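Encoded as structure tokens, the structure appears first; notes follow it.
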Amino acid sequence: MRSPLRSPPVPGADGRDRVLLVLMQCVPFLIALAVLVIELTPAHFIYTGPFLTAVPALAAVTLGPRGTTAAAALALLISAITATYNGAWGTLQVYSNFLALILVTVAGVITSRAMQERRQRELDQVRRIAVAAQEVVLRPVPARLGPLRVGSLSLAAGTGAQVGGDLYEAVQTRYGVRMIVGDVRGKGLSAVRAVAVALGAFREAVHYEQDLVEVMNRCAAALRREIAVPGAYGQEILLEGFVTALVAQVPDEPVVQLVNRGHPPPLLLHRGSASLLVPGVPSPPLGLEDLVTDLPEKPESHAFEPGDRLLLYTDGVIEARNRQSEFFALAEAAGEIGAGPAPQEFLEQIHQALIRHTGGDLADDVAMILADRSGRPPTGRAAADR
């Protein structure tokens with residue numbers, strides 16, 4: 001469910017780069033087409049051999065080995081057509097053109113393959129660094145927190161080295177188990193930095209703020225301070241950066257308290273049925289507080305009984321599409337899995353259902369936390385802290 005406050009992406013550098021790349025990929029074929037037009041019109045007195053030779057050379061820069069071969073095949077076909085049309089077979093010029101095309105094609109394919117392998121090595125290295133930075137921020141969630149069994153899952157979309165801005169955390173406090181899941185608008189190191197700021201504020205506030213709304217306010221204040229630092233974020237983040245977030249608290253009583261700031265509502269699994277805990281009053285994401293005059297002063301409470309499960313997730317789950325552009329039906333998938341599997345196994349089955357739905361091509365990062373209220377009392381150190 002997409003937040004109604006989420007605006008369409010503002011065109012930025014990434015969009016311009018994609019357009020420029022497509023234009024560069026079209027240039028070799030446009031040149032080949034121009035040569036064909038020249039040769040089949042009265043302008044055929046222009047010598048076009050060097051233009052056709054440039055086709056595979058230009059293709060090698062952006063199209064890879066296969067694209068270079070395809071562009072070269074098109075150039076050879078056009079050269080044969082024009083030689084037949086102009087009756088030039090048997091001349092030294094035609095065979096020189098063919099030889100030049102073959103030599104440039106071989107060199108282009110070799111060069112293109114080398115460039116492709118080098119770019120892949122560089123991308124793999126940057127991706128490893130980015131993933132390591134993200135793993136430092138997102139630490140593993142304990143499997144047991146007080147009366148809850150907990151599982152977490154984070155999946156990166158196929159976006160190259162651009163790590164996303166999904167965040168999650170679950171902490172045992174004297175007020176109960178407190179959890180957060182959120183999504184920073186944007187990707188890259190700026191998004192990771194915003195994740196670190198929000199999680200740092202949450203991890204500090206959950207132990208000292210009794211009011212759950214104040215925990216969320218502390219996160220918002222930390223983000224405002226960070227954005228105010230000159231040069232802290234790039235222009236894209238300044239234009240469209242905000243954080244959707246959901247904070248949940250599970251006290252001793254059989255309830256769950258929620259503060260939702262523009263985030264997809266959590267899914268409650270109760271006795272075989274799945275329902276969304278939609279907030280009664282929608283609130284804007286963190287960073288967009290100026291859009292409203294009044295924000296909720298109290299968290300919303302919902303029944304959360306022993307045996308129930310609560311699934312917190314980011315919009316990458318419910319906005320995952322198949323080839324028919326159909327969204328992933330999370331409630332149906334969760335209902336089919338049921339309450340049998342352990343939390344981590346449950347999330348793995350959701351993961352497999354997502355892969356089947358999208359054909360393995362996730363368009364956005366995914367983060368999920370499943371809290372299972374088993375009804376067992378806290379033990380060990382958790383009990384002492386309570």
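We name chains A, B, ... following the order of the structure tokens; residues begin at 1 in each chain, and ligands are numbered from 1 as shown.
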
* Determine which residues of stretch 114-342 of chain A DSSP labels as strand (DSSP E or B) from the backbone of this structure, then write them out as a ChimeraX atom specification. => /A:144-145,148-155,166-173,176-184,243-250,255-261,267-270,273-276,286,300-303,309-313,321,327

* Record the distance separating atom CA of A:Gly272 and atom CA of A:Phe304, expressed in Å with one decimal. => 13.8 Å

* To do: With a distance cut-off of 10 Å and only C-alpha atoms, select the neighbouring residues of stretch 149-152 of chain A, excluding the residue or stretch itself and same-chain residues fewer than 6 positions from it, and output the selection as a ChimeraX atom specification.
  => /A:140-143,168-170,309-313,342-348,367-376

* Near stretch 72-82 of chain A, counting only C-alpha atoms, which residues have an atom at most 10 Å away, once you skip same-chain residues fewer than 3 positions from it, shown as a VMD selection string? -> chain A and resid 28 to 29 31 to 33 35 to 40 44 48 to 49 51 to 57 59 to 60 66 to 69 85 to 89 94 to 95 97 to 98 101 to 102 104 to 106 108 to 109

* To do: Extract, using only C-alpha atoms, all DNA, RNA and protein residues at most 9 Å from A:Gly287, discarding same-chain residues fewer than 2 positions from it, and format them as a PyMOL selection string.
  => chain A and resi 220-221+223-224+241-244+284-285+289-290

Those residues you just picked out, can you put them in a file as a compact mmCIF listing (two decimals), in the first residue's frame with N, CA and C atoms?
# COMPACT_ATOMS: atom_id res chain seq x y z
N ALA A 220 12.49 12.03 14.54
CA ALA A 220 12.25 13.13 13.61
C ALA A 220 13.20 14.30 13.89
N ALA A 221 13.38 14.62 15.16
CA ALA A 221 14.27 15.73 15.53
C ALA A 221 15.71 15.44 15.12
N LEU A 223 16.71 13.62 12.62
CA LEU A 223 16.82 13.77 11.17
C LEU A 223 16.83 15.24 10.77
N ARG A 224 16.01 16.06 11.43
CA ARG A 224 16.01 17.49 11.12
C ARG A 224 17.36 18.11 11.42
N GLY A 241 13.96 13.95 0.16
CA GLY A 241 14.27 13.06 1.26
C GLY A 241 13.27 13.14 2.40
N PHE A 242 12.69 12.00 2.78
CA PHE A 242 11.90 11.89 3.98
C PHE A 242 11.93 10.42 4.39
N VAL A 243 11.41 10.15 5.57
CA VAL A 243 11.47 8.79 6.11
C VAL A 243 10.07 8.39 6.56
N THR A 244 9.53 7.33 5.97
CA THR A 244 8.32 6.73 6.52
C THR A 244 8.75 5.80 7.65
N PRO A 284 1.99 12.37 8.40
CA PRO A 284 3.02 12.48 7.36
C PRO A 284 4.31 11.79 7.78
N PRO A 285 5.16 11.43 6.82
CA PRO A 285 6.46 10.85 7.15
C PRO A 285 7.34 11.84 7.90
N GLU A 289 6.63 17.15 8.51
CA GLU A 289 5.72 17.57 9.57
C GLU A 289 5.05 18.91 9.27
N ASP A 290 5.68 19.74 8.46
CA ASP A 290 5.12 21.06 8.17
C ASP A 290 3.85 20.98 7.32

* **Atomic separation - atom CA of A:Thr314 relative to atom CA of A:Gly182, Å** =>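 Going from atom CA of A:Gly182 over to atom CA of A:Thr314, I get 6.5 Å.
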
* To do: Determine which residues of stretch 38-190 of chain A receive a DSSP assignment of alpha helix (DSSP H), computed from the backbone, and state them as a ChimeraX atom specification.
  => /A:38-39,49-62,64-85,92-137,189-190

* To do: For A:Leu295, work out the shell of residues within 10 Å, counting only C-alpha atoms and skipping chain neighbours fewer than 6 positions away, then give it as JSON, numbers by chain.
  => {"A": [213, 261, 281, 282, 283, 284, 289]}

Let's have the selection written as an mmCIF file, in the first residue's frame, with C-alpha atoms.
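Once written, again-v4.cif looks like this:
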data_model
loop_
_atom_site.group_PDB
_atom_site.id
_atom_site.type_symbol
_atom_site.label_atom_id
_atom_site.label_comp_id
_atom_site.auth_asym_id
_atom_site.auth_seq_id
_atom_site.Cartn_x
_atom_site.Cartn_y
_atom_site.Cartn_z
ATOM 1 C CA VAL A 213 5.042 9.269 20.445
ATOM 2 C CA ARG A 261 4.229 8.159 10.242
ATOM 3 C CA VAL A 281 -5.650 9.399 11.443
ATOM 4 C CA PRO A 282 -2.969 9.403 8.711
ATOM 5 C CA SER A 283 0.256 11.203 9.639
ATOM 6 C CA PRO A 284 3.018 12.481 7.363
ATOM 7 C CA GLU A 289 5.717 17.571 9.572
#

* To do: Skip A:Val247 itself and residues of its chain fewer than 6 positions away, then list as a list in words all residues within 9 Å of it, counting only C-alpha atoms.
  => Arg178, Met179, Ile180, Val181, Gly182, Leu212, Val213, Val215, Met216, Gln257, Leu258, Val259, Asn260 and Arg261 of chain A
